[in-house]
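Colleague: You'll find work02.txt just under this line, and it carries compact mmCIF, C-alpha atoms.
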```
# COMPACT_ATOMS: atom_id res chain seq x y z
CA MET T 1 -10.91 7.17 -13.37
CA SER T 2 -8.44 6.87 -10.51
CA ASP T 3 -8.19 9.19 -7.55
CA ALA T 4 -5.53 11.80 -8.29
CA ALA T 5 -4.95 12.65 -4.65
CA LEU T 6 -2.61 9.77 -3.81
CA GLN T 7 0.06 10.48 -1.24
CA VAL T 8 3.02 8.33 -0.25
CA LEU T 9 3.82 8.51 3.47
CA ASP T 10 7.50 7.59 3.62
CA GLY T 11 8.54 9.23 6.88
CA THR T 12 9.87 12.45 5.39
CA GLN T 13 6.77 14.23 6.70
CA LEU T 14 7.92 13.53 10.27
CA ARG T 15 11.57 14.54 10.09
CA GLY T 16 11.03 18.18 11.07
CA LEU T 17 8.31 17.55 13.63
CA ASP T 18 8.03 19.69 16.77
CA LEU T 19 9.31 17.51 19.61
CA SER T 20 9.08 20.02 22.44
CA LEU T 21 7.36 19.05 25.68
CA GLY T 22 6.24 21.15 28.59
CA ASP T 23 7.57 20.96 32.12
CA GLY T 24 6.76 18.10 34.44
CA SER T 25 6.98 14.34 34.14
CA PHE T 26 5.50 11.98 31.59
CA THR T 27 4.77 8.27 31.55
CA GLY T 28 5.77 6.16 28.58
CA ALA T 29 2.08 5.89 27.69
CA ASP T 30 1.82 9.70 27.72
CA ILE T 31 4.80 9.97 25.38
CA ILE T 32 3.34 7.41 22.99
CA ASP T 33 -0.01 9.23 22.88
CA ILE T 34 1.74 12.56 22.20
CA ALA T 35 3.84 10.96 19.47
CA HIS T 36 0.80 9.42 17.79
CA SER T 37 -1.09 12.71 17.92
CA ARG T 38 1.76 14.76 16.43
CA ALA T 39 2.57 12.15 13.82
CA SER T 40 -1.09 11.95 12.81
CA SER T 41 -1.27 15.74 12.44
CA SER T 42 1.66 15.62 10.02
CA LEU T 43 0.20 12.69 8.08
CA PHE T 44 -3.08 14.28 7.01
CA ARG T 45 -4.64 13.33 10.38
CA LEU T 46 -4.38 9.67 9.51
CA SER T 47 -5.08 7.32 12.40
CA LEU T 48 -1.82 5.38 12.58
CA PRO T 49 -2.28 1.66 11.85
CA ASP T 50 -1.59 -0.67 14.77
CA SER T 51 1.01 -2.51 12.70
CA LEU T 52 2.96 0.73 12.27
CA LYS T 53 2.77 1.52 16.00
CA ASP T 54 3.90 -1.99 16.95
CA SER T 55 6.81 -1.96 14.50
CA ALA T 56 7.95 1.46 15.68
CA LEU T 57 7.81 0.35 19.33
CA THR T 58 9.87 -2.72 18.43
CA ARG T 59 12.51 -0.45 16.89
CA LEU T 60 12.92 1.23 20.30
CA ARG T 61 14.19 -2.12 21.59
CA THR T 62 12.29 -1.81 24.84
CA PRO T 63 12.61 -5.20 26.59
CA ASP T 64 9.25 -4.82 28.37
CA ALA T 65 6.57 -2.79 26.60
CA ASP T 66 4.29 -2.72 29.64
CA ALA T 67 7.09 -1.49 31.90
CA PHE T 68 7.95 1.18 29.35
CA ARG T 69 4.37 2.43 29.23
CA SER T 70 4.13 2.71 33.01
CA ALA T 71 7.60 4.19 33.57
CA VAL T 72 7.79 7.88 34.52
CA TYR T 73 10.27 10.18 32.78
CA ALA T 74 11.44 13.70 33.61
CA ALA T 75 10.87 16.31 30.91
CA ASP T 76 14.38 16.11 29.39
CA LYS T 77 14.37 12.32 29.20
CA ALA T 78 10.78 12.32 27.95
CA SER T 79 11.81 14.59 25.07
CA ASP T 80 14.56 12.14 24.13
CA VAL T 81 12.12 9.22 24.20
CA LEU T 82 9.61 11.19 22.12
CA ARG T 83 12.30 11.97 19.55
CA ASP T 84 13.40 8.33 19.39
CA TYR T 85 9.84 7.07 18.98
CA ILE T 86 8.95 9.59 16.26
CA THR T 87 12.20 8.66 14.50
CA ALA T 88 11.23 4.99 14.77
CA ILE T 89 7.86 5.72 13.14
CA ALA T 90 9.60 7.68 10.37
CA ASP T 91 12.16 4.91 9.82
CA GLU T 92 9.42 2.29 9.64
CA LEU T 93 7.57 4.39 7.04
CA LYS T 94 10.81 4.80 5.09
CA ASP T 95 11.17 1.01 4.91
CA ASN T 96 7.46 0.32 4.44
CA PRO T 97 5.71 3.40 3.02
CA ILE T 98 1.95 3.76 3.28
CA VAL T 99 -0.08 5.03 0.33
CA VAL T 100 -3.20 7.00 1.13
CA SER T 101 -5.93 8.75 -0.80
CA ILE T 102 -7.05 12.20 0.34
CA LEU T 103 -10.75 12.13 -0.49
CA ASP T 104 -11.76 15.76 -0.82
CA GLY T 105 -14.57 15.47 -3.35
CA SER T 106 -12.43 16.41 -6.34
CA THR T 107 -12.69 13.03 -8.06
CA LEU T 108 -16.47 12.93 -7.60
CA ARG T 109 -16.65 16.48 -8.91
CA LEU T 110 -14.84 15.46 -12.11
CA LEU T 111 -17.10 12.46 -12.59
CA LEU T 112 -20.23 14.56 -12.16
CA LYS T 113 -18.92 17.32 -14.40
CA ASP T 114 -18.47 15.02 -17.41
CA GLU T 115 -21.93 13.78 -18.44
CA ASP T 116 -20.52 11.01 -20.62
CA ASP T 117 -18.23 9.70 -17.88
CA PHE T 118 -21.05 9.69 -15.36
CA ALA T 119 -23.48 8.01 -17.75
CA MET T 120 -20.95 5.24 -18.46
CA LEU T 121 -20.30 4.79 -14.74
CA ALA T 122 -23.99 4.61 -13.86
CA GLU T 123 -24.69 2.15 -16.66
CA SER T 124 -21.77 -0.06 -15.66
CA LEU T 125 -22.81 -0.10 -12.00
CA PHE T 126 -26.45 -0.78 -12.82
CA THR T 127 -25.54 -3.69 -15.10
CA GLU T 128 -23.22 -5.14 -12.48
CA LEU T 129 -25.85 -4.91 -9.73
CA ASP T 130 -28.72 -6.22 -11.87
CA ASP T 131 -27.88 -9.86 -11.14
CA GLU T 132 -31.16 -11.21 -12.48
CA ASP T 133 -31.00 -9.08 -15.64
CA GLU T 134 -34.48 -7.74 -14.86
CA GLY T 135 -33.77 -4.16 -15.86
CA LYS T 136 -34.62 -3.04 -12.32
CA ILE T 137 -32.81 -3.05 -8.99
CA SER T 138 -33.81 -1.90 -5.49
CA LYS T 139 -32.94 1.52 -4.13
CA SER T 140 -30.79 -0.11 -1.46
CA GLU T 141 -28.33 -1.19 -4.16
CA ILE T 142 -27.04 2.39 -4.17
CA ARG T 143 -25.02 1.37 -1.10
CA ASN T 144 -23.36 -1.44 -3.06
CA ALA T 145 -22.74 0.93 -5.96
CA LEU T 146 -20.83 3.28 -3.67
CA VAL T 147 -18.86 0.38 -2.23
CA GLN T 148 -17.90 -0.74 -5.73
CA MET T 149 -16.77 2.76 -6.63
CA GLY T 150 -14.52 2.86 -3.58
CA ALA T 151 -11.65 5.19 -2.80
CA GLU T 152 -10.32 4.90 -6.33
CA MET T 153 -13.36 6.90 -7.48
CA GLY T 154 -13.38 9.15 -4.44
CA VAL T 155 -15.89 7.31 -2.24
CA PRO T 156 -14.74 6.59 1.33
CA PRO T 157 -15.58 3.32 3.09
CA PHE T 158 -18.76 3.51 5.18
CA SER T 159 -16.68 2.59 8.24
CA GLU T 160 -14.47 5.65 7.72
CA PHE T 161 -17.28 8.08 6.88
CA PRO T 162 -20.55 7.25 8.72
CA LYS T 163 -22.21 10.31 7.18
CA LEU T 164 -22.69 8.19 4.08
CA ASN T 165 -25.48 6.39 5.91
CA ASP T 166 -27.16 9.74 6.61
CA LEU T 167 -26.93 10.69 2.92
CA LEU T 168 -28.57 7.42 1.88
CA ARG T 169 -31.41 7.95 4.33
CA LYS T 170 -31.81 11.54 3.18
CA HIS T 171 -32.40 10.37 -0.38
CA GLY T 172 -34.48 7.35 0.59
CA ALA T 173 -31.80 5.07 -0.80
CA ASP T 174 -32.24 2.46 1.90
CA GLY T 175 -35.58 1.08 0.74
CA GLU T 176 -36.56 -1.82 -1.53
CA GLU T 177 -38.43 0.19 -4.16
CA LYS T 178 -37.39 -0.93 -7.64
CA LEU T 179 -35.58 1.49 -9.97
CA GLY T 180 -34.91 1.39 -13.68
CA GLN T 181 -31.52 2.43 -15.03
CA ALA T 182 -32.46 6.08 -15.55
CA GLN T 183 -33.96 6.35 -12.05
CA PHE T 184 -30.92 4.63 -10.57
CA ALA T 185 -28.59 7.08 -12.33
CA GLN T 186 -30.60 10.06 -11.07
CA LEU T 187 -30.52 8.81 -7.48
CA LEU T 188 -26.81 7.97 -7.68
CA GLN T 189 -26.09 11.45 -9.04
CA SER T 190 -27.95 13.11 -6.15
CA VAL T 191 -26.09 11.04 -3.54
CA MET T 192 -22.73 11.72 -5.21
CA GLN T 193 -23.42 15.47 -5.34
CA ASP T 194 -24.13 15.59 -1.62
CA LEU T 195 -21.13 13.37 -0.87
CA GLU T 196 -18.86 15.64 -2.92
CA GLU T 197 -20.07 18.63 -0.90
CA GLU T 198 -19.52 16.85 2.43
CA LEU T 199 -16.00 15.70 1.49
CA SER T 200 -15.03 19.20 0.37
CA LYS T 201 -15.80 20.32 3.93
CA GLU T 202 -14.39 17.26 5.70
CA ASN T 203 -11.64 15.38 3.91
CA VAL T 204 -11.25 11.66 4.55
CA VAL T 205 -7.87 9.90 4.48
CA VAL T 206 -8.00 6.27 3.38
CA ILE T 207 -5.13 3.79 3.35
CA ARG T 208 -4.93 2.15 -0.06
CA ASN T 209 -3.94 -1.44 -0.71
CA ILE T 210 -0.92 -0.23 -2.64
CA GLN T 211 2.58 -1.46 -1.89
CA VAL T 212 5.61 0.73 -2.48
CA VAL T 213 8.58 -1.44 -3.43
CA ASN T 214 11.64 0.71 -2.81
CA GLY T 215 14.44 -1.81 -2.29
CA SER T 216 14.49 -1.42 1.49
CA LYS T 217 13.79 -5.09 2.21
CA LEU T 218 16.34 -6.13 -0.39
CA ARG T 219 19.02 -3.96 1.22
CA GLN T 220 18.29 -5.60 4.58
CA LEU T 221 18.62 -9.01 2.94
CA LEU T 222 21.92 -8.09 1.30
CA ALA T 223 23.25 -6.91 4.66
CA ASN T 224 22.32 -10.19 6.37
CA GLU T 225 24.85 -12.80 5.29
CA GLN T 226 22.97 -15.73 6.80
CA GLU T 227 19.67 -14.88 5.10
CA LEU T 228 21.45 -14.17 1.83
CA ASN T 229 23.22 -17.53 1.96
CA ASN T 230 19.85 -19.20 2.58
CA VAL T 231 18.55 -17.64 -0.64
CA VAL T 232 21.63 -18.83 -2.53
CA GLU T 233 21.14 -22.36 -1.16
CA LYS T 234 17.53 -22.41 -2.35
CA VAL T 235 18.48 -21.12 -5.80
CA PHE T 236 21.22 -23.74 -6.03
CA GLY T 237 18.66 -26.39 -5.09
CA GLU T 238 16.41 -25.15 -7.89
CA LYS T 239 19.36 -25.38 -10.29
CA VAL T 240 20.06 -28.97 -9.27
CA ASP T 241 16.41 -29.91 -9.86
CA ALA T 242 16.04 -27.90 -13.08
CA ARG T 243 15.74 -29.55 -16.46
CA ASP T 244 18.76 -29.59 -18.72
CA GLY T 245 19.27 -26.60 -20.95
CA LEU T 246 18.10 -23.90 -18.52
CA ARG T 247 20.68 -21.21 -17.95
CA SER T 248 21.47 -20.03 -14.44
CA THR T 249 19.91 -16.62 -15.10
CA GLU T 250 16.63 -18.28 -16.12
CA ILE T 251 16.60 -20.35 -12.94
CA ILE T 252 17.42 -17.32 -10.78
CA ARG T 253 14.72 -15.21 -12.42
CA SER T 254 12.13 -17.93 -11.96
CA TYR T 255 13.01 -18.24 -8.27
CA LEU T 256 12.93 -14.47 -7.70
CA GLU T 257 9.57 -14.08 -9.41
CA LYS T 258 8.03 -16.92 -7.37
CA ASN T 259 9.37 -15.53 -4.08
CA ALA T 260 9.13 -11.82 -4.88
CA LYS T 261 6.98 -10.81 -1.91
CA GLU T 262 9.21 -12.48 0.68
CA LEU T 263 12.36 -11.01 -0.88
CA GLY T 264 11.02 -7.47 -1.25
CA LEU T 265 10.86 -7.59 -5.05
CA PRO T 266 7.95 -6.34 -7.19
CA LEU T 267 5.29 -8.85 -8.23
CA VAL T 268 5.39 -9.42 -11.97
CA GLN T 269 1.64 -10.07 -12.08
CA ALA T 270 0.93 -6.63 -10.62
CA GLU T 271 1.89 -4.47 -13.57
CA VAL T 272 3.90 -4.19 -16.76
CA ALA T 273 6.48 -1.93 -15.08
CA ALA T 274 7.57 -4.84 -12.88
CA VAL T 275 8.14 -7.09 -15.89
CA LEU T 276 10.14 -4.34 -17.59
CA LEU T 277 12.27 -3.95 -14.47
CA TYR T 278 13.07 -7.68 -14.39
CA ASP T 279 13.92 -7.53 -18.10
CA ALA T 280 16.22 -4.56 -17.60
CA VAL T 281 18.06 -6.12 -14.66
CA PHE T 282 18.62 -9.48 -16.31
CA ASP T 283 19.51 -7.95 -19.68
CA ASP T 284 22.20 -5.99 -17.87
CA ILE T 285 23.69 -9.02 -16.15
CA VAL T 286 26.91 -10.31 -17.66
CA THR T 287 27.31 -13.89 -16.48
CA LYS T 288 30.32 -16.11 -16.48
CA GLU T 289 28.30 -18.75 -18.22
CA LYS T 290 29.65 -19.73 -21.57
CA ASP T 291 28.35 -22.29 -24.00
CA GLY T 292 28.16 -25.55 -22.08
CA THR T 293 29.87 -24.10 -19.00
CA GLU T 294 28.11 -24.57 -15.67
CA LEU T 295 28.47 -22.18 -12.74
CA ASP T 296 29.62 -23.71 -9.51
CA LYS T 297 27.89 -22.89 -6.22
CA GLU T 298 30.18 -19.97 -5.35
CA GLU T 299 29.83 -18.43 -8.81
CA LEU T 300 26.07 -18.88 -8.67
CA GLY T 301 26.00 -17.19 -5.25
CA ASN T 302 27.94 -14.20 -6.54
CA LEU T 303 25.59 -13.95 -9.50
CA VAL T 304 22.52 -13.99 -7.23
CA LYS T 305 24.05 -11.24 -5.07
CA ASP T 306 24.86 -9.11 -8.12
CA ILE T 307 21.30 -9.44 -9.41
CA LEU T 308 19.75 -8.58 -6.04
CA GLN T 309 22.08 -5.59 -5.72
CA LYS T 310 21.00 -4.29 -9.12
CA PHE T 311 17.35 -4.66 -8.15
CA ALA T 312 18.00 -2.77 -4.90
CA GLU T 313 19.73 0.08 -6.75
CA GLN T 314 16.99 0.34 -9.38
CA LEU T 315 14.17 0.29 -6.83
CA GLU T 316 15.86 2.85 -4.59
CA ALA T 317 16.17 5.21 -7.56
CA ASN T 318 12.70 4.45 -8.95
CA PRO T 319 10.31 2.84 -6.43
CA LEU T 320 7.33 0.95 -7.84
CA GLN T 321 3.77 1.31 -6.59
CA GLN T 322 1.77 -1.89 -6.92
CA ASP T 323 -1.99 -2.08 -6.40
CA LEU T 324 -2.37 -5.37 -4.54
CA SER T 325 -6.18 -5.32 -4.56
CA TYR T 326 -6.22 -6.47 -8.19
CA ILE T 327 -3.89 -9.38 -7.40
CA GLU T 328 -5.91 -10.49 -4.36
CA ASP T 329 -9.12 -10.43 -6.42
CA GLU T 330 -7.69 -12.87 -8.94
```
Any chance you could give the structure as structure tokens?

Modeller:
Amino acid sequence: MSDAALQVLDGTQLRGLDLSLGDGSFTGADIIDIAHSRASSSLFRLSLPDSLKDSALTRLRTPDADAFRSAVYAADKASDVLRDYITAIADELKDNPIVVSILDGSTLRLLLKDEDDFAMLAESLFTELDDEDEGKISKSEIRNALVQMGAEMGVPPFSEFPKLNDLLRKHGADGEEKLGQAQFAQLLQSVMQDLEEELSKENVVVIRNIQVVNGSKLRQLLANEQELNNVVEKVFGEKVDARDGLRSTEIIRSYLEKNAKELGLPLVQAEVAAVLLYDAVFDDIVTKEKDGTELDKEELGNLVKDILQKFAEQLEANPLQQDLSYIEDE
């Protein structure tokens, strides 16, 4: 069961943000703190990742970040800087959306409500944690069970929700007493019930390891002639080295799949939808290749550009979400 409360933060949540400031003067550091606070409030109180902050600050094109932070601005100018910085955060999220789970206890509630689902979950976790196949595990393994469930099943990381430690202590789930499967399931159920109640009162926002591929990086590549020509050169090199009989489209597809992450394309190993997208794009390509006719470098370059443009158009219309955690675990 996956967490239904997934949200894509793509910057649209910040476009209508209140950018008013009071009277007086403000340092650059003050403005940044205000921007982070207001942005966080509009993004489910998410603590903005440092990478997002750094990228947004880079978009401001401030030559000296330290000087900017210490500079003092009058109210009118400070409002302009605040607007520009919030816009930079929104633009960065548009290009690189963040996917979060809002953990509010609803997923745990569904698991607990369905006796069969919970029984299957408890059995699976117990079997996984019973390394020695003894039929018993220690109480402290409840912690590992919760970690394995993770945000996908509505359990926040311990680092994001320290109250989890209190719940384990409350139920004596931090000791080494051995439990059979039925006892383990009973203890897990009690902890999950309390966790569901706590999350319903205090939601937790967790960034998921899910990438949204929306064509943004591809559009930047297509707009940069030098980088685009570099890609064409590499594809042409692959064509020169390729075995006889391979068509240009096969060589291009192989190169794009191998370099998908760097180019801003979806990873074919992530999900079936990515494979279907590649199939659709290449099926739609009408090449100048005829039987026995080779494309020259210029023709190959135009073909590469056409293919990348089609990918960009498809991904802008229908972005793909790819769970990278499964790929990294392989």

Colleague: Do you know which residues are at most 8 Å from Asp10 of chain T counting all atoms listed in the file, after dropping those on the same chain fewer than 2 positions away, and could you put them as an MDAnalysis selection string?

Modeller: chainID T and resid 8 12:13 90 93:98

Colleague: Give as number ranges by chain each residue that has an atom at most 12 Å from (15.9, 3.9, 28.0) in the file, counting only C-alpha atoms.

Modeller: T: 28, 60-65, 67-69, 71-73, 77-82, 84-85

Colleague: What is the atom CA of Leu46 of chain T-atom CA of Val206 of chain T distance in Å, reported with one decimal?

Modeller: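 One can read the atom CA of Leu46 of chain T to atom CA of Val206 of chain T distance as 7.9 Å.
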
Colleague: Give me, as JSON lines, the closest atom pair and its distance (Å, one decimal) for every residue of segment 181-287 of chain T within a cut-off of 8 Å of segment 153-171 of chain T, counting all atoms listed in the file, rows sorted by chain and rising number.

Modeller:
```
{"residue": "T:Leu187", "atom": "CA", "partner": "T:His171", "partner_atom": "CA", "distance": 7.5}
{"residue": "T:Ser190", "atom": "CA", "partner": "T:His171", "partner_atom": "CA", "distance": 7.8}
{"residue": "T:Val191", "atom": "CA", "partner": "T:Leu167", "partner_atom": "CA", "distance": 6.5}
{"residue": "T:Asp194", "atom": "CA", "partner": "T:Leu167", "partner_atom": "CA", "distance": 7.2}
{"residue": "T:Leu195", "atom": "CA", "partner": "T:Leu164", "partner_atom": "CA", "distance": 7.3}
{"residue": "T:Val204", "atom": "CA", "partner": "T:Pro156", "partner_atom": "CA", "distance": 6.9}
{"residue": "T:Val206", "atom": "CA", "partner": "T:Pro156", "partner_atom": "CA", "distance": 7.1}
```

Colleague: Given only C-alpha atoms as the basis, pick out the residue of T:Gly105, T:Gly16, T:Gly301, T:Gly135 nearest to Leu228 of chain T.

Modeller: T:Gly301

Colleague: Would you compute the distance between atom CA of Lys178 of chain T and atom CA of Leu146 of chain T? Give it in Å to one decimal.

Modeller: 17.5 Å

Colleague: Smallest atom-to-atom distance to Arg38 of chain T: which of T:Gly24, T:Asp50, T:Leu19, T:Glu198, using all atoms listed in the file?

Modeller: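 Between T:Gly24, T:Asp50, T:Leu19, T:Glu198, the residue approaching Arg38 of chain T most closely is T:Leu19.
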
Colleague: Which residue out of T:Val275, T:Ala280, T:Met192, T:Leu218 has the minimum interatomic distance to Lys113 of chain T when all atoms listed in the file are used?

Modeller: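 The shortest atom-to-atom distance to Lys113 of chain T comes from T:Met192.
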
Colleague: Atom CA of Leu6 of chain T and atom CA of Val100 of chain T are how many Å apart?

Modeller: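 Interatomic distance here is 5.7 Å.
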
Colleague: Any idea what's packed within 8 Å of Leu52 of chain T, counting all atoms listed in the file, ignoring anything in its chain fewer than 2 positions away? Could you give it as a compact mmCIF listing (two decimals) with C-alpha atoms, in the coordinates of the input?

Modeller:
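New file out17.txt:
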```txt
# COMPACT_ATOMS: atom_id res chain seq x y z
CA LEU T 48 -1.82 5.38 12.58
CA PRO T 49 -2.28 1.66 11.85
CA ASP T 50 -1.59 -0.67 14.77
CA ASP T 54 3.90 -1.99 16.95
CA SER T 55 6.81 -1.96 14.50
CA ALA T 56 7.95 1.46 15.68
CA ILE T 89 7.86 5.72 13.14
CA GLU T 92 9.42 2.29 9.64
CA LEU T 93 7.57 4.39 7.04
```

Colleague: Give me the residues within 12 Å of Ser124 of chain T as a PyMOL selection string, counting only C-alpha atoms and dropping any in the same chain fewer than 2 places off.

Modeller: chain T and resi 117-122+126-130+145+148-149+181+184-185

Colleague: Which residues, written as a PyMOL selection string, have at least one atom at most 12 Å from segment 258-264 of chain T, with all atoms listed in the file counted and residues fewer than 2 positions away on the same chain left out?

Modeller: chain T and resi 95-96+211-222+227-228+230-231+234-235+238+251-256+266-270+274+278+308+311-312+315-316+319-320+322+324

Colleague: Which residue gives the smallest distance to Gln321 of chain T among T:Leu14, T:Ile142, T:Ala35, T:Ile210, with all atoms listed in the file counted?

Modeller: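 Result for the nearest residue to Gln321 of chain T: T:Ile210.
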
Colleague: Point out the residue among T:Asn203, T:Gln193, T:Asn209, T:Ser47 with the least atom-to-atom distance to Gly150 of chain T, counting all atoms listed in the file.

Modeller: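 Looking only at the distances to Gly150 of chain T, the closest residue turns out to be T:Asn209.
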
Colleague: When you count only C-alpha atoms, which of these residues is closest to Ala75 of chain T: T:Glu115, T:Asp91, T:Asp296, T:Asp30?

Modeller: T:Asp30

Colleague: Using all atoms listed in the file, collect all residues at a distance of at most 8 Å from (-13.5, 11.4, -6.2) as written in the file, then present them as a list of chain:residue names.

Modeller: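 The residues that fall inside the cut-off are T:Asp3, T:Leu103, T:Asp104, T:Gly105, T:Ser106, T:Thr107, T:Leu108, T:Arg109, T:Leu110, T:Leu111, T:Ala151, T:Glu152, T:Met153, T:Gly154, T:Val155, T:Glu196.
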